[in-house]
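J.: One structure, as structure tokens, below. Some questions next.
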Amino acid sequence: MIHLLLQGGQGNQMFEYATALAIAEEYGHTICVDRSFFDVFGGREWCRPYELDIFRLDSKAQYTHNCQLGVQVLPKLGLWCRQHGMQHLGPCFFELDHMQDIRSYRSVWLYGYFTNVHVFDRHAAAIRQAFTFKTEPNEANAAVLEKMRACNSVAVHIRRGDYLNAVNSGFAQNGVEWYQRAMRTMTEKVDNPHWFFFSDDMAWVKSHFATIENATFVDINHGAESYNDMRLMAACQHQIIANSTFSWWAAWLNDNPEKVVVAPHDYYREPQGNKKKYLDRMIPSNWIVQN
């Protein structure tokens with residue numbers, strides 16, 4: 001049994017589930033998703049809700065809320081492991097550089113963010129199936145999808161919102177100049193692109209990109225419906241992503257074999273070690289890294 005102690009926002013939860021599913025597929029295990037983290041910290045401003053119920057996931061997966069004590073203990077064990085240069089403590093994994101052989105374990109607890117595409121890319125088909133949306137798009141989203149299908153659509157994701165808060169000061173801010181460079185790179189690869197802008201700060205985006213030709217500002221999904229932006233971004237032919245797991249997954253889920261994905265070189269401000277991990281672990285070989 002693979003016990004997945006879930007945490008983080010939608011994009012992080014998807015990385016965690018993808019890792020668990022890949023390990024389960026590799027070794028013939030089943031998954032038990034534990035949502036205790038959201039029970040314990042759900043009242044905190046920084047705690048995002050459980051957000052994977054929008055997907056079909058694995059029909060054999062189980063769900064529980066039985067690890068509320070573990071939610072408080074495992075982070076301390078994970079910190080101790082990192083301080084002592086360890087990747088895991090017994091069957092509790094905190095950081096994965098590769099698929100680890102767990103055949104000797106009857107039960108494995110996964111607790112971490114696991115933002116490493118190389119751990120699960122061998123099982124891409126199963127993961128894409130798991131991340132199929134349960135519901136059909138509503139009328140407004142269906143209209144945008146129809147518009148996207150009629151052009152060389154490029155999703156441009158600009159994340160500001162919580163990245164402007166002091167608690168997230170470690171994340172890089174890729175500003176107007178970076179997006180202009182990324183769009184020039186995309187224009188070199190894609191004929192007559194139509195830009196579909198997505199953001200958690202659309203007023204800022206419109207104020208800086210209002211003069212762009214062939215642009216659509218998608219501002220129809222808010223609150224609990226925000227996940228639809230991932231559906232729409234993934235449906236575009238190409239993507240310019242932010243340093244955000246949300247748009248990372250939109251680009252990864254795009255099944256266009258000729259897609260062009262432009263990703264930022266800087267995900268974090270510091271330290272350099274985290275920057276290297278991002279480039280090594282999160283960027284597929286066919287994506288373009290834009291300085």
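Residues are named by chain letter and number: chains run A, B, ... in the order of the structure tokens, numbers start at 1 in each chain, and ligands are numbered from 1 in the order shown.
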Step one, run DSSP on the backbone; step two, keep only residues of stretch 38-262 of chain A assigned to helix (DSSP H, G or I); then write them as a VMD selection string.

T.: chain A and resid 38 to 41 52 to 54 68 to 83 117 to 130 139 to 149 161 to 164 166 to 168 176 to 189 202 to 209 223 to 225 227 to 235 245 to 253

J.: Taking only residues of stretch 140-243 of chain A that have an atom at most 10 Å from an atom of stretch 124-136 of chain A, what is each one's shortest atom pair and its distance in Å to one decimal, using only C-alpha atoms, in chain and number order, as CSV?

T.:
```
residue,atom,partner,partner_atom,distance
A:Asn141,CA,A:Glu136,CA,9.4
A:Ala142,CA,A:Glu136,CA,8.6
A:Tyr227,CA,A:Phe133,CA,9.6
A:Asn228,CA,A:Phe133,CA,9.3
A:Arg231,CA,A:Phe133,CA,8.0
```

J.: Would you write out those residues with C-alpha atoms, as a compact mmCIF listing (two decimals), in the first residue's frame?

T.:
```txt
# COMPACT_ATOMS: atom_id res chain seq x y z
CA ASN A 141 -15.54 27.74 -20.87
CA ALA A 142 -16.84 25.79 -23.86
CA TYR A 227 -9.34 24.77 -11.85
CA ASN A 228 -11.05 25.37 -15.20
CA ARG A 231 -8.33 22.79 -18.39
```

J.: Would you please give, as a list in words, all residues of stretch 40-93 of chain A that DSSP assigns to strand (DSSP E) based on the backbone?

T.: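 Result set for stretch 40-93 of chain A (strand (DSSP E)): Gln62, Tyr63, Thr64, His88, Leu89, Cys92 and Phe93 of chain A.
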
J.: Create the file for the chosen residues now, containing all heavy atoms and written as a short mmCIF file (atom, residue, chain, number, x, y, z; two decimals), in the first residue's frame.

T.:
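Here's the written file part_23.cif:
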```
data_model
loop_
_atom_site.label_atom_id
_atom_site.label_comp_id
_atom_site.auth_asym_id
_atom_site.auth_seq_id
_atom_site.Cartn_x
_atom_site.Cartn_y
_atom_site.Cartn_z
N GLN A 62 -7.86 4.44 -2.43
CA GLN A 62 -8.63 4.57 -1.19
C GLN A 62 -8.35 5.96 -0.59
O GLN A 62 -7.38 6.61 -0.94
CB GLN A 62 -8.24 3.48 -0.21
CG GLN A 62 -8.41 2.07 -0.75
CD GLN A 62 -7.89 1.02 0.21
OE1 GLN A 62 -7.84 1.22 1.42
NE2 GLN A 62 -7.48 -0.12 -0.33
N TYR A 63 -9.22 6.35 0.32
CA TYR A 63 -9.10 7.69 0.92
C TYR A 63 -9.32 7.60 2.42
O TYR A 63 -10.17 6.83 2.89
CB TYR A 63 -10.10 8.66 0.28
CG TYR A 63 -9.88 8.83 -1.20
CD1 TYR A 63 -10.49 7.95 -2.11
CD2 TYR A 63 -9.04 9.81 -1.70
CE1 TYR A 63 -10.27 8.06 -3.47
CE2 TYR A 63 -8.80 9.93 -3.05
CZ TYR A 63 -9.42 9.06 -3.94
OH TYR A 63 -9.20 9.17 -5.28
N THR A 64 -8.55 8.40 3.16
CA THR A 64 -8.67 8.36 4.62
C THR A 64 -8.28 9.70 5.22
O THR A 64 -7.77 10.59 4.52
CB THR A 64 -7.77 7.24 5.20
OG1 THR A 64 -7.98 7.15 6.61
CG2 THR A 64 -6.30 7.54 4.94
N HIS A 88 15.46 9.68 2.69
CA HIS A 88 14.29 9.10 3.33
C HIS A 88 14.67 8.49 4.67
O HIS A 88 15.82 8.21 4.94
CB HIS A 88 13.64 8.04 2.43
CG HIS A 88 14.49 6.84 2.21
ND1 HIS A 88 15.45 6.79 1.23
CD2 HIS A 88 14.54 5.64 2.84
CE1 HIS A 88 16.04 5.60 1.26
NE2 HIS A 88 15.51 4.89 2.22
N LEU A 89 13.67 8.30 5.48
CA LEU A 89 13.84 7.66 6.78
C LEU A 89 12.93 6.44 6.77
O LEU A 89 11.71 6.57 6.84
CB LEU A 89 13.47 8.61 7.92
CG LEU A 89 13.60 8.07 9.34
CD1 LEU A 89 15.06 7.75 9.64
CD2 LEU A 89 13.06 9.05 10.35
N CYS A 92 9.54 6.34 4.74
CA CYS A 92 8.96 7.69 4.61
C CYS A 92 9.84 8.51 3.68
O CYS A 92 10.91 8.95 4.08
CB CYS A 92 8.85 8.37 5.97
SG CYS A 92 7.78 7.50 7.13
N PHE A 93 9.41 8.73 2.45
CA PHE A 93 10.21 9.46 1.47
C PHE A 93 9.90 10.96 1.58
O PHE A 93 8.76 11.36 1.67
CB PHE A 93 9.91 9.00 0.06
CG PHE A 93 10.23 7.56 -0.19
CD1 PHE A 93 9.35 6.76 -0.89
CD2 PHE A 93 11.41 6.99 0.25
CE1 PHE A 93 9.63 5.43 -1.15
CE2 PHE A 93 11.70 5.67 0.01
CZ PHE A 93 10.81 4.88 -0.69
#
```

J.: Using only C-alpha atoms, tabulate the residues of stretch 157-242 of chain A lying at most 12 Å from any atom of stretch 252-272 of chain A, each with its closest atom pair and that distance in Å to one decimal, by chain and increasing residue number, as a Markdown table.

T.:
```
| residue | atom | partner | partner_atom | distance |
| --- | --- | --- | --- | --- |
| A:His157 | CA | A:Ala263 | CA | 10.3 |
| A:Ile158 | CA | A:Pro264 | CA | 11.2 |
| A:Arg159 | CA | A:Tyr267 | CA | 11.7 |
| A:Tyr163 | CA | A:Tyr268 | CA | 11.0 |
| A:Asn168 | CA | A:Tyr268 | CA | 9.8 |
| A:Ser169 | CA | A:Arg269 | CA | 8.1 |
| A:Gly170 | CA | A:Arg269 | CA | 5.5 |
| A:Phe171 | CA | A:Tyr268 | CA | 4.3 |
| A:Ala172 | CA | A:Tyr268 | CA | 4.8 |
| A:Gln173 | CA | A:Tyr267 | CA | 8.3 |
| A:Asn174 | CA | A:Pro264 | CA | 7.6 |
| A:Gly175 | CA | A:Pro264 | CA | 10.7 |
| A:Glu177 | CA | A:Pro264 | CA | 11.9 |
| A:Trp178 | CA | A:Pro264 | CA | 8.1 |
| A:Tyr179 | CA | A:Pro264 | CA | 9.1 |
| A:Gln180 | CA | A:Val262 | CA | 11.8 |
| A:Arg181 | CA | A:Val262 | CA | 10.1 |
| A:Ala182 | CA | A:Val262 | CA | 6.5 |
| A:Met183 | CA | A:Val262 | CA | 8.7 |
| A:Arg184 | CA | A:Val262 | CA | 10.6 |
| A:Thr185 | CA | A:Val262 | CA | 8.0 |
| A:Met186 | CA | A:Val262 | CA | 7.4 |
| A:Thr187 | CA | A:Val260 | CA | 10.3 |
| A:Glu188 | CA | A:Val260 | CA | 10.6 |
| A:Lys189 | CA | A:Val260 | CA | 7.4 |
| A:Val190 | CA | A:Val260 | CA | 8.0 |
| A:Asp191 | CA | A:Val260 | CA | 11.7 |
| A:Pro193 | CA | A:Val260 | CA | 11.4 |
| A:Met230 | CA | A:Leu253 | CA | 9.2 |
| A:Arg231 | CA | A:Leu253 | CA | 8.9 |
| A:Leu232 | CA | A:Asn254 | CA | 9.9 |
| A:Met233 | CA | A:Asn254 | CA | 8.1 |
| A:Ala234 | CA | A:Asn254 | CA | 4.7 |
| A:Ala235 | CA | A:Asn254 | CA | 6.2 |
| A:Cys236 | CA | A:Asn254 | CA | 7.3 |
| A:Gln237 | CA | A:Lys259 | CA | 5.9 |
| A:His238 | CA | A:Lys259 | CA | 5.1 |
| A:Gln239 | CA | A:Val261 | CA | 4.9 |
| A:Ile240 | CA | A:Val262 | CA | 4.8 |
| A:Ile241 | CA | A:Ala263 | CA | 5.4 |
| A:Ala242 | CA | A:Pro264 | CA | 6.6 |
```

J.: Convert the current residue selection to file output with N, CA and C atoms, as a compact mmCIF listing (two decimals), in the first residue's frame.

T.:
```
# COMPACT_ATOMS: atom_id res chain seq x y z
N HIS A 157 0.46 32.18 -18.88
CA HIS A 157 0.07 32.20 -17.47
C HIS A 157 0.96 33.15 -16.70
N ILE A 158 0.35 34.10 -16.02
CA ILE A 158 1.07 35.08 -15.21
C ILE A 158 0.57 34.97 -13.78
N ARG A 159 1.45 34.52 -12.90
CA ARG A 159 1.07 34.36 -11.49
C ARG A 159 1.64 35.51 -10.67
N TYR A 163 2.31 35.33 -4.71
CA TYR A 163 3.75 35.51 -4.88
C TYR A 163 4.20 36.90 -4.44
N ASN A 168 6.10 34.21 0.49
CA ASN A 168 6.55 33.60 -0.76
C ASN A 168 7.66 34.40 -1.42
N SER A 169 8.42 35.12 -0.63
CA SER A 169 9.47 35.98 -1.17
C SER A 169 10.59 35.19 -1.84
N GLY A 170 10.66 33.89 -1.59
CA GLY A 170 11.71 33.07 -2.19
C GLY A 170 11.46 32.75 -3.66
N PHE A 171 10.23 33.00 -4.15
CA PHE A 171 9.93 32.72 -5.55
C PHE A 171 10.28 33.92 -6.42
N ALA A 172 10.81 33.64 -7.59
CA ALA A 172 11.18 34.70 -8.53
C ALA A 172 9.93 35.39 -9.05
N GLN A 173 10.06 36.67 -9.37
CA GLN A 173 9.00 37.43 -10.03
C GLN A 173 9.41 37.67 -11.47
N ASN A 174 8.77 36.97 -12.39
CA ASN A 174 9.06 37.14 -13.81
C ASN A 174 8.13 38.20 -14.36
N GLY A 175 8.68 39.38 -14.65
CA GLY A 175 7.88 40.54 -14.99
C GLY A 175 7.57 40.68 -16.47
N GLU A 177 9.03 42.23 -18.91
CA GLU A 177 10.13 42.01 -19.86
C GLU A 177 10.35 40.52 -20.14
N TRP A 178 10.23 39.70 -19.09
CA TRP A 178 10.40 38.27 -19.31
C TRP A 178 9.32 37.71 -20.23
N TYR A 179 8.08 38.12 -20.01
CA TYR A 179 7.00 37.62 -20.85
C TYR A 179 7.13 38.13 -22.29
N GLN A 180 7.63 39.34 -22.46
CA GLN A 180 7.86 39.84 -23.82
C GLN A 180 8.91 39.00 -24.53
N ARG A 181 9.98 38.64 -23.81
CA ARG A 181 11.01 37.79 -24.42
C ARG A 181 10.44 36.41 -24.74
N ALA A 182 9.66 35.86 -23.81
CA ALA A 182 9.06 34.54 -24.03
C ALA A 182 8.12 34.55 -25.23
N MET A 183 7.38 35.63 -25.39
CA MET A 183 6.46 35.73 -26.52
C MET A 183 7.22 35.88 -27.84
N ARG A 184 8.34 36.58 -27.82
CA ARG A 184 9.16 36.67 -29.03
C ARG A 184 9.71 35.29 -29.39
N THR A 185 10.14 34.54 -28.38
CA THR A 185 10.62 33.17 -28.63
C THR A 185 9.51 32.32 -29.23
N MET A 186 8.33 32.43 -28.68
CA MET A 186 7.20 31.65 -29.19
C MET A 186 6.88 32.04 -30.62
N THR A 187 6.94 33.33 -30.94
CA THR A 187 6.62 33.80 -32.28
C THR A 187 7.60 33.25 -33.31
N GLU A 188 8.83 32.98 -32.88
CA GLU A 188 9.82 32.38 -33.78
C GLU A 188 9.48 30.92 -34.10
N LYS A 189 8.70 30.29 -33.24
CA LYS A 189 8.39 28.86 -33.39
C LYS A 189 6.99 28.61 -33.93
N VAL A 190 6.08 29.56 -33.71
CA VAL A 190 4.66 29.36 -34.01
C VAL A 190 4.17 30.45 -34.94
N ASP A 191 3.51 30.08 -36.02
CA ASP A 191 2.97 31.05 -36.97
C ASP A 191 1.68 31.67 -36.43
N PRO A 193 0.48 33.35 -33.78
CA PRO A 193 -0.08 32.88 -32.49
C PRO A 193 -1.21 33.79 -32.00
N MET A 230 -6.85 25.62 -15.69
CA MET A 230 -5.91 24.58 -16.07
C MET A 230 -6.44 23.80 -17.27
N ARG A 231 -7.71 23.49 -17.26
CA ARG A 231 -8.33 22.79 -18.39
C ARG A 231 -8.14 23.59 -19.68
N LEU A 232 -8.41 24.90 -19.59
CA LEU A 232 -8.30 25.75 -20.78
C LEU A 232 -6.85 25.89 -21.24
N MET A 233 -5.95 26.11 -20.30
CA MET A 233 -4.54 26.25 -20.68
C MET A 233 -4.02 24.98 -21.33
N ALA A 234 -4.39 23.84 -20.79
CA ALA A 234 -3.95 22.55 -21.34
C ALA A 234 -4.50 22.33 -22.73
N ALA A 235 -5.64 22.94 -23.04
CA ALA A 235 -6.27 22.76 -24.35
C ALA A 235 -5.64 23.63 -25.43
N CYS A 236 -4.82 24.61 -25.04
CA CYS A 236 -4.12 25.42 -26.03
C CYS A 236 -3.07 24.58 -26.75
N GLN A 237 -2.69 25.02 -27.94
CA GLN A 237 -1.69 24.30 -28.72
C GLN A 237 -0.29 24.43 -28.10
N HIS A 238 -0.04 25.56 -27.43
CA HIS A 238 1.28 25.85 -26.89
C HIS A 238 1.11 26.62 -25.58
N GLN A 239 2.19 26.69 -24.79
CA GLN A 239 2.12 27.33 -23.48
C GLN A 239 3.37 28.16 -23.17
N ILE A 240 3.13 29.32 -22.56
CA ILE A 240 4.18 30.06 -21.85
C ILE A 240 3.77 29.99 -20.38
N ILE A 241 4.56 29.31 -19.58
CA ILE A 241 4.16 29.05 -18.20
C ILE A 241 4.87 29.99 -17.23
N ALA A 242 4.27 30.13 -16.07
CA ALA A 242 4.90 30.86 -14.97
C ALA A 242 5.74 29.89 -14.15
```

J.: Would you mind listing what lies within 10 Å of A:Asp39 as a list in words, with only C-alpha atoms counted and same-chain residues fewer than 2 positions away left out?

T.: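 The residues that qualify are Arg35, Ser36, Phe37, Phe41, Gly42, Gly43, Pro49, Tyr50, His65, Cys67, Gln68 and Val71 of chain A.
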
J.: Generate a file of the selected residues that holds N, CA, C and O atoms, formatted as a PDB file, in the first residue's frame.

T.:
```
ATOM      1  N   ARG A  35      -5.951  12.691   3.644  1.00  0.00           N
ATOM      2  CA  ARG A  35      -6.215  14.135   3.571  1.00  0.00           C
ATOM      3  C   ARG A  35      -6.157  14.807   4.941  1.00  0.00           C
ATOM      4  O   ARG A  35      -6.734  15.877   5.140  1.00  0.00           O
ATOM      5  N   SER A  36      -5.436  14.188   5.880  1.00  0.00           N
ATOM      6  CA  SER A  36      -5.380  14.716   7.240  1.00  0.00           C
ATOM      7  C   SER A  36      -4.769  16.108   7.307  1.00  0.00           C
ATOM      8  O   SER A  36      -5.097  16.911   8.194  1.00  0.00           O
ATOM      9  N   PHE A  37      -3.830  16.418   6.402  1.00  0.00           N
ATOM     10  CA  PHE A  37      -3.173  17.725   6.407  1.00  0.00           C
ATOM     11  C   PHE A  37      -4.210  18.849   6.356  1.00  0.00           C
ATOM     12  O   PHE A  37      -4.103  19.848   7.067  1.00  0.00           O
ATOM     13  N   PHE A  41      -4.695  21.679   9.286  1.00  0.00           N
ATOM     14  CA  PHE A  41      -4.293  23.058   9.007  1.00  0.00           C
ATOM     15  C   PHE A  41      -5.317  23.832   8.175  1.00  0.00           C
ATOM     16  O   PHE A  41      -5.041  24.948   7.739  1.00  0.00           O
ATOM     17  N   GLY A  42      -6.486  23.267   7.967  1.00  0.00           N
ATOM     18  CA  GLY A  42      -7.475  23.875   7.092  1.00  0.00           C
ATOM     19  C   GLY A  42      -7.911  25.274   7.472  1.00  0.00           C
ATOM     20  O   GLY A  42      -8.362  26.030   6.618  1.00  0.00           O
ATOM     21  N   GLY A  43      -7.793  25.635   8.738  1.00  0.00           N
ATOM     22  CA  GLY A  43      -8.203  26.971   9.148  1.00  0.00           C
ATOM     23  C   GLY A  43      -7.150  28.033   8.924  1.00  0.00           C
ATOM     24  O   GLY A  43      -7.422  29.240   9.108  1.00  0.00           O
ATOM     25  N   PRO A  49      -7.114  24.073   0.063  1.00  0.00           N
ATOM     26  CA  PRO A  49      -7.984  22.912   0.285  1.00  0.00           C
ATOM     27  C   PRO A  49      -7.556  21.711  -0.552  1.00  0.00           C
ATOM     28  O   PRO A  49      -6.719  21.823  -1.455  1.00  0.00           O
ATOM     29  N   TYR A  50      -8.130  20.572  -0.251  1.00  0.00           N
ATOM     30  CA  TYR A  50      -7.960  19.386  -1.091  1.00  0.00           C
ATOM     31  C   TYR A  50      -8.591  19.685  -2.447  1.00  0.00           C
ATOM     32  O   TYR A  50      -9.752  20.097  -2.539  1.00  0.00           O
ATOM     33  N   HIS A  65      -8.531   9.848   6.519  1.00  0.00           N
ATOM     34  CA  HIS A  65      -8.142  11.035   7.295  1.00  0.00           C
ATOM     35  C   HIS A  65      -7.486  10.569   8.597  1.00  0.00           C
ATOM     36  O   HIS A  65      -7.657  11.203   9.638  1.00  0.00           O
ATOM     37  N   CYS A  67      -4.231  10.222   9.601  1.00  0.00           N
ATOM     38  CA  CYS A  67      -2.840  10.517   9.947  1.00  0.00           C
ATOM     39  C   CYS A  67      -2.676  11.938  10.477  1.00  0.00           C
ATOM     40  O   CYS A  67      -1.713  12.631  10.155  1.00  0.00           O
ATOM     41  N   GLN A  68      -3.599  12.378  11.334  1.00  0.00           N
ATOM     42  CA  GLN A  68      -3.516  13.750  11.837  1.00  0.00           C
ATOM     43  C   GLN A  68      -2.284  13.956  12.719  1.00  0.00           C
ATOM     44  O   GLN A  68      -1.682  15.024  12.714  1.00  0.00           O
ATOM     45  N   VAL A  71       0.820  14.220  10.414  1.00  0.00           N
ATOM     46  CA  VAL A  71       0.950  15.524   9.772  1.00  0.00           C
ATOM     47  C   VAL A  71       1.855  16.445  10.590  1.00  0.00           C
ATOM     48  O   VAL A  71       2.593  17.261  10.050  1.00  0.00           O
TER      49      VAL A  71
END
```

J.: Name the closest residue to A:Trp109 among the candidates A:Lys147, A:Arg122, A:His222, A:His3; distances are taken between atoms, counting only C-alpha atoms.

T.: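 Selected residue with least distance to A:Trp109: A:His3.
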
J.: Need to verify the contact set: A:Ile283, 12 Å, only C-alpha atoms, exclusion of same-chain residues closer than 3 positions in sequence. Can you return it as JSON, numbers by chain?

T.: {"A": [115, 116, 117, 118, 121, 241, 243, 245, 248, 249, 251, 252, 261, 262, 263, 264, 265, 266, 267, 275, 276, 277, 278, 279, 280, 286, 287, 288, 289, 290]}

J.: Would you please work out which residue, of A:Asp229, A:Asp200, A:Asp58, A:Glu16, is nearest to A:Leu96 when using only C-alpha atoms?

T.: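 Once distances to A:Leu96 are computed over only C-alpha atoms, the minimum belongs to A:Glu16.
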
J.: Can you work out the spacing between atom CA of A:Met1 and atom CA of A:Ala24 in Å, to one decimal?

T.: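 That distance, rounded to one decimal, is 8.0 Å.
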
J.: Which residues are near A:Ile102? Cut-off 9 Å, only C-alpha atoms, ignore same chain within fewer than 5 positions. Put them as an NGL selection string.

T.: :A and (23 or 27 or 91 or 107-108)

J.: Okay, now the selection with all heavy atoms, as a CSV table (one decimal), in the first residue's frame?

T.:
```csv
chain,number,residue,atom,x,y,z
A,23,ILE,N,4.8,5.0,-8.6
A,23,ILE,CA,5.3,4.0,-7.8
A,23,ILE,C,4.4,2.8,-7.7
A,23,ILE,O,4.8,1.6,-7.7
A,23,ILE,CB,5.7,4.6,-6.4
A,23,ILE,CG1,6.8,5.6,-6.5
A,23,ILE,CG2,6.1,3.5,-5.4
A,23,ILE,CD1,7.1,6.3,-5.2
A,27,TYR,N,5.3,-1.1,-9.0
A,27,TYR,CA,5.4,-2.2,-8.1
A,27,TYR,C,4.1,-2.9,-7.8
A,27,TYR,O,4.1,-3.8,-6.9
A,27,TYR,CB,6.2,-1.8,-6.9
A,27,TYR,CG,7.6,-1.2,-7.1
A,27,TYR,CD1,7.8,0.1,-7.0
A,27,TYR,CD2,8.6,-2.1,-7.5
A,27,TYR,CE1,9.1,0.6,-7.3
A,27,TYR,CE2,9.8,-1.6,-7.8
A,27,TYR,CZ,10.1,-0.3,-7.7
A,27,TYR,OH,11.4,0.2,-8.0
A,91,PRO,N,10.6,3.9,5.4
A,91,PRO,CA,9.7,3.9,4.2
A,91,PRO,C,9.1,5.3,4.1
A,91,PRO,O,8.1,5.4,3.3
A,91,PRO,CB,8.6,2.9,4.6
A,91,PRO,CG,8.5,2.9,6.0
A,91,PRO,CD,9.9,3.2,6.6
A,107,SER,N,4.5,-1.5,3.2
A,107,SER,CA,3.7,-0.2,3.3
A,107,SER,C,4.7,1.0,3.2
A,107,SER,O,5.7,0.9,3.8
A,107,SER,CB,2.9,-0.2,4.6
A,107,SER,OG,2.2,1.0,4.7
A,108,VAL,N,4.3,2.0,2.4
A,108,VAL,CA,5.2,3.1,2.2
A,108,VAL,C,4.4,4.4,2.4
A,108,VAL,O,3.2,4.5,1.9
A,108,VAL,CB,5.7,3.1,0.7
A,108,VAL,CG1,6.5,4.4,0.4
A,108,VAL,CG2,6.6,1.9,0.5
```

J.: Can you work out which one of A:Gln100, A:Ala250, A:Val176, A:Ser285 has the shortest atom-to-atom distance to A:Lys206, counting only C-alpha atoms?

T.: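 Counting only C-alpha atoms, the residue closest to A:Lys206 is A:Val176.
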